[in-house]
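Right, one structure below, let's go through it.
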Amino acid sequence: MTFVDKYLLSHWGFDPIFFILTGIPVVLYVIGYRRLEATIARGSKRSPKRRRLNALIFGSGIAILVLAVMSPVDYWSDTYFWVHMFQHVMLMVYAPALIVISAPWLVIYRGLPVKWRRSLGRTFLVSEQTSILRSIGNFFMNPVFGFLFFNVDMYFWHFPALLDLAERNQVVHNFMHFFFVVSGMLLWIHLVDSHPIRPRIYPEIKRIVPIFFTTVLSWILAMIMGFASVPFYSVYLHIPGKTLSGMADQELGSAVLWVLCMEPFTYAAIYNIRKWMSREADFDYELEKLTTKSSNNKVKKRIPGLS
């Protein structure tokens, strides 16, 4: 068996529950996208280039979710800890980031039948009977909660006993993956703009704080695993046919967490700094133009006949 056959073509799986959970948003997105295309064809001035780019980004995020759960990545994560860490980063960082950046919320909402949309809008946005649901939603959408949930979730599932349990129990394993995706989205929703969700951290320069501390906390976890004197995870020891030692496997896993987790947060920091600087530059320009215009008007009033 060749390398490609063994590691890329073989060991693909199928998870029906995961397929349904990811398939429903994709179907609604496709329907909503087509309806949006029809609306735009009737005279909307929204940029088709940006719309298509968002669709591509959304599809990439869903594809990463599928690859993480149903590709050979999931199969080999049971043998190699470093592959498991790669899977965790895919589920917790890359897929949620891409989905949030694509801002699919209105497109998915548009994919619902019109009666459902109106009913949901009245029920969750206007009705007094669902005010408690809106309060719960505001709590989960709090930036502090998103930051704490992501980082506590990251450390929680990497305790040796819990990770070993997740590897031995498929139900626990599925819950771990679910919480990874949810915690990732609840963090990234505050690190990048995702229309029409209102930014809770503004101006953009303030987003550097959760980005910085999340990156540092991931580094600390990576160092704990990488500089340990003994391997932490017994489930990855004594696997038949595995030639990589437990300690070397854990060190590779810490390197995966260190490097791959840092990169998207670095891009997020650059994005927010540039956006903040651009907005500040536009503000300064408009202020300068306004003050210059005001000064010229005063001069015109003092000097009759000046045009």
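Within each chain, counting starts at residue 1; across the structure tokens, chains are named A, B, ... in the order shown, with ligands numbered 1 upward in that order.
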
- Task: Please identify all polymer residues within 9 Å of Gly32 in chain A, counting only C-alpha atoms, omitting same-chain residues fewer than 2 positions from it, and present them as a ChimeraX atom specification.
- Result: /A:27-30,34-37,106-112

Taking only residues of range 122-203 of chain A that have an atom at most 12 Å from an atom of range 259-270 of chain A, what is each one's shortest atom pair and its distance in Å to one decimal, using only C-alpha atoms, in chain and number order, as CSV?
```
residue,atom,partner,partner_atom,distance
A:Met154,CA,A:Cys261,CA,11.5
A:Gly184,CA,A:Cys261,CA,11.7
A:Leu187,CA,A:Phe265,CA,11.2
A:Trp188,CA,A:Ala268,CA,9.2
A:Ile189,CA,A:Ala268,CA,11.5
A:His190,CA,A:Ala268,CA,10.6
A:Leu191,CA,A:Ala268,CA,6.8
A:Val192,CA,A:Ala268,CA,7.0
A:Asp193,CA,A:Ala268,CA,10.4
```

Suppose we keep all heavy atoms; can you now write the selection as a compact mmCIF listing (two decimals), in the first residue's frame?
```txt
# COMPACT_ATOMS: atom_id res chain seq x y z
N MET A 154 -10.58 24.66 26.12
CA MET A 154 -9.31 24.17 25.59
C MET A 154 -8.52 23.42 26.65
O MET A 154 -7.99 22.33 26.40
CB MET A 154 -8.48 25.34 25.04
CG MET A 154 -7.12 24.96 24.49
SD MET A 154 -6.29 26.35 23.67
CE MET A 154 -6.19 27.56 25.01
N GLY A 184 -15.26 27.87 19.77
CA GLY A 184 -14.51 28.61 18.76
C GLY A 184 -15.35 29.70 18.12
O GLY A 184 -14.90 30.84 17.95
N LEU A 187 -16.00 32.67 20.42
CA LEU A 187 -14.85 33.56 20.56
C LEU A 187 -14.65 34.39 19.29
O LEU A 187 -14.52 35.62 19.35
CB LEU A 187 -13.59 32.76 20.85
CG LEU A 187 -12.29 33.59 20.88
CD1 LEU A 187 -12.30 34.54 22.08
CD2 LEU A 187 -11.06 32.70 20.93
N TRP A 188 -14.64 33.72 18.12
CA TRP A 188 -14.32 34.42 16.88
C TRP A 188 -15.38 35.46 16.51
O TRP A 188 -15.07 36.42 15.79
CB TRP A 188 -14.14 33.41 15.75
CG TRP A 188 -12.77 32.81 15.76
CD1 TRP A 188 -12.39 31.62 16.29
CD2 TRP A 188 -11.58 33.41 15.23
NE1 TRP A 188 -11.04 31.43 16.12
CE2 TRP A 188 -10.53 32.51 15.48
CE3 TRP A 188 -11.32 34.61 14.57
CZ2 TRP A 188 -9.22 32.79 15.09
CZ3 TRP A 188 -10.02 34.89 14.19
CH2 TRP A 188 -8.98 33.99 14.44
N ILE A 189 -16.60 35.32 17.00
CA ILE A 189 -17.64 36.28 16.68
C ILE A 189 -17.29 37.66 17.23
O ILE A 189 -17.83 38.69 16.80
CB ILE A 189 -19.01 35.79 17.23
CG1 ILE A 189 -20.15 36.45 16.44
CG2 ILE A 189 -19.15 36.12 18.72
CD1 ILE A 189 -20.31 35.92 15.07
N HIS A 190 -16.35 37.71 18.20
CA HIS A 190 -15.93 38.98 18.80
C HIS A 190 -14.56 39.45 18.29
O HIS A 190 -14.13 40.55 18.63
CB HIS A 190 -15.87 38.85 20.32
CG HIS A 190 -17.17 38.46 20.95
ND1 HIS A 190 -18.28 39.28 20.94
CD2 HIS A 190 -17.56 37.32 21.58
CE1 HIS A 190 -19.28 38.67 21.54
NE2 HIS A 190 -18.88 37.50 21.93
N LEU A 191 -13.91 38.63 17.49
CA LEU A 191 -12.57 38.99 17.02
C LEU A 191 -12.57 39.55 15.61
O LEU A 191 -11.61 40.22 15.21
CB LEU A 191 -11.64 37.76 17.08
CG LEU A 191 -11.50 37.08 18.44
CD1 LEU A 191 -10.45 35.98 18.37
CD2 LEU A 191 -11.15 38.09 19.53
N VAL A 192 -13.61 39.26 14.84
CA VAL A 192 -13.74 39.79 13.47
C VAL A 192 -15.17 40.26 13.27
O VAL A 192 -16.09 39.83 13.98
CB VAL A 192 -13.37 38.72 12.41
CG1 VAL A 192 -11.91 38.35 12.49
CG2 VAL A 192 -14.24 37.48 12.56
N ASP A 193 -15.37 41.12 12.30
CA ASP A 193 -16.72 41.59 11.98
C ASP A 193 -17.48 40.50 11.24
O ASP A 193 -16.93 39.85 10.35
CB ASP A 193 -16.65 42.85 11.13
CG ASP A 193 -16.05 44.03 11.89
OD1 ASP A 193 -16.27 44.10 13.11
OD2 ASP A 193 -15.36 44.85 11.26
```

- Message: Taking only C-alpha atoms into account, name the residue in A:Phe178, A:Phe227, A:Tyr233, A:Phe212 that is nearest to Leu163 in chain A.
- Response: A:Tyr233

- Using only C-alpha atoms, which residues sit within 10 Å of Trp219 in chain A once same-chain residues fewer than 4 positions away are excluded, as a list of chain:residue names?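 Skipping anything fewer than 4 positions along the chain leaves A:Phe213, A:Thr214, A:Thr215, A:Met223, A:Ile224, A:Met225, A:Ser254, A:Ala255, A:Leu257, A:Trp258, A:Val259, A:Cys261, A:Met262.
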
Go ahead and write the selection's residues with all heavy atoms as a compact mmCIF listing (two decimals), in the first residue's frame.
```txt
# COMPACT_ATOMS: atom_id res chain seq x y z
N PHE A 213 -4.22 37.31 24.84
CA PHE A 213 -4.27 36.39 25.98
C PHE A 213 -4.65 34.97 25.54
O PHE A 213 -4.17 34.00 26.13
CB PHE A 213 -5.22 36.91 27.05
CG PHE A 213 -4.63 38.01 27.88
CD1 PHE A 213 -5.02 39.33 27.70
CD2 PHE A 213 -3.66 37.73 28.83
CE1 PHE A 213 -4.47 40.35 28.46
CE2 PHE A 213 -3.10 38.74 29.60
CZ PHE A 213 -3.50 40.06 29.41
N THR A 214 -5.50 34.83 24.53
CA THR A 214 -5.82 33.50 24.03
C THR A 214 -4.59 32.85 23.41
O THR A 214 -4.33 31.64 23.62
CB THR A 214 -6.95 33.57 22.99
OG1 THR A 214 -8.11 34.13 23.60
CG2 THR A 214 -7.29 32.19 22.45
N THR A 215 -3.81 33.63 22.67
CA THR A 215 -2.57 33.10 22.09
C THR A 215 -1.60 32.67 23.17
O THR A 215 -1.00 31.59 23.09
CB THR A 215 -1.92 34.16 21.18
OG1 THR A 215 -2.86 34.59 20.20
CG2 THR A 215 -0.70 33.59 20.48
N MET A 223 3.50 24.47 25.92
CA MET A 223 4.76 24.30 26.67
C MET A 223 4.62 23.24 27.76
O MET A 223 5.55 22.48 28.02
CB MET A 223 5.20 25.64 27.26
CG MET A 223 5.75 26.62 26.23
SD MET A 223 6.52 28.08 26.97
CE MET A 223 5.08 28.92 27.64
N ILE A 224 3.45 23.20 28.40
CA ILE A 224 3.22 22.18 29.44
C ILE A 224 3.37 20.79 28.85
O ILE A 224 4.01 19.90 29.44
CB ILE A 224 1.83 22.37 30.07
CG1 ILE A 224 1.78 23.65 30.90
CG2 ILE A 224 1.48 21.16 30.95
CD1 ILE A 224 0.39 23.99 31.42
N MET A 225 2.82 20.60 27.65
CA MET A 225 2.91 19.30 27.01
C MET A 225 4.28 19.05 26.41
O MET A 225 4.82 17.95 26.47
CB MET A 225 1.83 19.18 25.91
CG MET A 225 0.42 19.17 26.44
SD MET A 225 -0.83 18.83 25.15
CE MET A 225 -0.61 20.26 24.09
N SER A 254 2.45 19.29 20.81
CA SER A 254 2.62 20.63 21.38
C SER A 254 3.08 21.62 20.31
O SER A 254 2.66 22.78 20.31
CB SER A 254 3.62 20.59 22.54
OG SER A 254 4.94 20.35 22.06
N ALA A 255 3.93 21.16 19.38
CA ALA A 255 4.38 22.03 18.29
C ALA A 255 3.23 22.39 17.36
O ALA A 255 3.12 23.54 16.90
CB ALA A 255 5.49 21.33 17.50
N LEU A 257 0.05 22.63 18.21
CA LEU A 257 -0.77 23.60 18.92
C LEU A 257 -0.11 24.97 18.92
O LEU A 257 -0.76 25.99 18.69
CB LEU A 257 -1.01 23.13 20.36
CG LEU A 257 -1.80 24.07 21.26
CD1 LEU A 257 -3.21 24.29 20.71
CD2 LEU A 257 -1.85 23.53 22.69
N TRP A 258 1.19 25.01 19.16
CA TRP A 258 1.93 26.27 19.23
C TRP A 258 1.86 27.03 17.91
O TRP A 258 1.51 28.20 17.87
CB TRP A 258 3.38 25.99 19.61
CG TRP A 258 4.23 27.21 19.76
CD1 TRP A 258 4.65 28.05 18.78
CD2 TRP A 258 4.75 27.74 20.99
NE1 TRP A 258 5.41 29.06 19.29
CE2 TRP A 258 5.49 28.91 20.65
CE3 TRP A 258 4.69 27.34 22.32
CZ2 TRP A 258 6.16 29.68 21.60
CZ3 TRP A 258 5.35 28.11 23.27
CH2 TRP A 258 6.07 29.26 22.92
N VAL A 259 2.19 26.36 16.82
CA VAL A 259 2.33 27.02 15.53
C VAL A 259 0.98 27.28 14.87
O VAL A 259 0.66 28.41 14.48
CB VAL A 259 3.24 26.20 14.59
CG1 VAL A 259 3.29 26.86 13.21
CG2 VAL A 259 4.64 26.07 15.17
N CYS A 261 -2.06 27.25 16.07
CA CYS A 261 -3.01 28.07 16.82
C CYS A 261 -2.61 29.54 16.78
O CYS A 261 -3.46 30.42 16.81
CB CYS A 261 -3.10 27.57 18.26
SG CYS A 261 -4.63 28.02 19.09
N MET A 262 -1.31 29.81 16.68
CA MET A 262 -0.83 31.19 16.69
C MET A 262 -1.14 31.91 15.39
O MET A 262 -1.49 33.10 15.38
CB MET A 262 0.69 31.19 16.92
CG MET A 262 1.34 32.57 16.82
SD MET A 262 3.14 32.49 16.99
CE MET A 262 3.56 31.58 15.49
```

I'd like the neighbourhood of range 99-102 of chain A as a short mmCIF file (atom, residue, chain, number, x, y, z; two decimals) with N, CA and C atoms, in the first residue's frame, where a residue qualifies if any of its atoms comes within 12 Å (using only C-alpha atoms), though same-chain residues fewer than 6 positions away should be ignored.
```cif
data_model
loop_
_atom_site.label_atom_id
_atom_site.label_comp_id
_atom_site.auth_asym_id
_atom_site.auth_seq_id
_atom_site.Cartn_x
_atom_site.Cartn_y
_atom_site.Cartn_z
N THR A 22 -24.17 19.57 9.82
CA THR A 22 -23.49 20.45 8.88
C THR A 22 -24.27 20.61 7.58
N PRO A 25 -27.31 23.61 7.57
CA PRO A 25 -26.86 24.98 7.26
C PRO A 25 -26.40 25.15 5.82
N VAL A 26 -25.74 24.13 5.27
CA VAL A 26 -25.25 24.23 3.89
C VAL A 26 -26.43 24.31 2.92
N TYR A 29 -28.00 27.64 3.21
CA TYR A 29 -27.12 28.67 2.62
C TYR A 29 -27.25 28.68 1.10
N ARG A 50 -17.76 40.24 -3.54
CA ARG A 50 -17.71 40.01 -2.10
C ARG A 50 -18.63 38.88 -1.70
N ARG A 51 -19.80 38.82 -2.33
CA ARG A 51 -20.77 37.77 -2.02
C ARG A 51 -20.21 36.39 -2.36
N ARG A 52 -19.56 36.30 -3.51
CA ARG A 52 -18.97 35.02 -3.91
C ARG A 52 -17.79 34.65 -3.03
N LEU A 53 -17.02 35.64 -2.62
CA LEU A 53 -15.90 35.37 -1.72
C LEU A 53 -16.40 34.84 -0.39
N ASN A 54 -17.46 35.43 0.14
CA ASN A 54 -18.03 34.95 1.39
C ASN A 54 -18.53 33.51 1.27
N ALA A 55 -19.13 33.19 0.13
CA ALA A 55 -19.61 31.83 -0.10
C ALA A 55 -18.44 30.85 -0.12
N LEU A 56 -17.33 31.26 -0.75
CA LEU A 56 -16.14 30.42 -0.80
C LEU A 56 -15.55 30.22 0.60
N ILE A 57 -15.52 31.28 1.39
CA ILE A 57 -14.98 31.18 2.76
C ILE A 57 -15.86 30.28 3.61
N PHE A 58 -17.18 30.45 3.49
CA PHE A 58 -18.11 29.59 4.24
C PHE A 58 -17.93 28.13 3.86
N GLY A 59 -17.83 27.86 2.56
CA GLY A 59 -17.62 26.49 2.11
C GLY A 59 -16.31 25.91 2.61
N SER A 60 -15.28 26.74 2.70
CA SER A 60 -14.00 26.28 3.22
C SER A 60 -14.10 25.91 4.70
N GLY A 61 -14.84 26.70 5.47
CA GLY A 61 -15.03 26.39 6.89
C GLY A 61 -15.77 25.08 7.08
N ILE A 62 -16.83 24.86 6.30
CA ILE A 62 -17.58 23.60 6.38
C ILE A 62 -16.71 22.44 5.94
N ALA A 63 -15.90 22.65 4.89
CA ALA A 63 -15.01 21.58 4.40
C ALA A 63 -14.00 21.17 5.46
N ILE A 64 -13.49 22.14 6.21
CA ILE A 64 -12.54 21.81 7.28
C ILE A 64 -13.24 20.99 8.37
N LEU A 65 -14.47 21.33 8.69
CA LEU A 65 -15.23 20.52 9.66
C LEU A 65 -15.38 19.08 9.18
N LEU A 91 -11.00 22.06 14.39
CA LEU A 91 -12.36 22.21 14.91
C LEU A 91 -12.53 23.47 15.75
N MET A 92 -11.50 23.87 16.45
CA MET A 92 -11.62 24.93 17.44
C MET A 92 -11.24 26.31 16.90
N VAL A 93 -10.37 26.34 15.90
CA VAL A 93 -9.83 27.62 15.43
C VAL A 93 -10.17 27.88 13.97
N ILE A 108 -28.29 32.26 5.40
CA ILE A 108 -28.95 31.07 5.93
C ILE A 108 -30.40 31.39 6.32
N VAL A 181 -16.18 23.32 18.55
CA VAL A 181 -16.73 24.15 17.48
C VAL A 181 -17.52 25.32 18.06
N VAL A 182 -18.37 25.05 19.05
CA VAL A 182 -19.21 26.10 19.64
C VAL A 182 -18.34 27.15 20.34
N GLY A 184 -15.26 27.87 19.77
CA GLY A 184 -14.51 28.61 18.76
C GLY A 184 -15.35 29.70 18.12
N MET A 185 -16.60 29.40 17.79
CA MET A 185 -17.45 30.40 17.15
C MET A 185 -17.82 31.51 18.13
N LEU A 186 -18.05 31.17 19.40
CA LEU A 186 -18.40 32.19 20.38
C LEU A 186 -17.22 33.11 20.70
N LEU A 187 -16.00 32.67 20.42
CA LEU A 187 -14.85 33.56 20.56
C LEU A 187 -14.65 34.39 19.29
N TRP A 188 -14.64 33.72 18.12
CA TRP A 188 -14.32 34.42 16.88
C TRP A 188 -15.38 35.46 16.51
N ILE A 189 -16.60 35.32 17.00
CA ILE A 189 -17.64 36.28 16.68
C ILE A 189 -17.29 37.66 17.23
N HIS A 190 -16.35 37.71 18.20
CA HIS A 190 -15.93 38.98 18.80
C HIS A 190 -14.56 39.45 18.29
N LEU A 191 -13.91 38.63 17.49
CA LEU A 191 -12.57 38.99 17.02
C LEU A 191 -12.57 39.55 15.61
N VAL A 192 -13.61 39.26 14.84
CA VAL A 192 -13.74 39.79 13.47
C VAL A 192 -15.17 40.26 13.27
N ASP A 193 -15.37 41.12 12.30
CA ASP A 193 -16.72 41.59 11.98
C ASP A 193 -17.48 40.50 11.24
N SER A 194 -18.74 40.32 11.62
CA SER A 194 -19.57 39.29 11.00
C SER A 194 -20.99 39.82 10.88
N HIS A 195 -21.24 40.60 9.84
CA HIS A 195 -22.54 41.23 9.61
C HIS A 195 -23.67 40.18 9.58
N PRO A 196 -24.82 40.48 10.20
CA PRO A 196 -25.26 41.74 10.82
C PRO A 196 -25.07 41.75 12.34
N ILE A 197 -24.31 40.84 12.88
CA ILE A 197 -24.11 40.79 14.34
C ILE A 197 -23.34 42.04 14.77
N PRO A 264 -3.65 31.94 12.90
CA PRO A 264 -4.90 32.67 12.64
C PRO A 264 -5.13 33.83 13.59
N ALA A 268 -5.73 37.74 12.73
CA ALA A 268 -6.85 38.50 13.30
C ALA A 268 -6.36 39.80 13.92
N TYR A 271 -5.54 42.20 11.08
CA TYR A 271 -6.80 42.68 10.49
C TYR A 271 -7.40 43.81 11.33
#
```
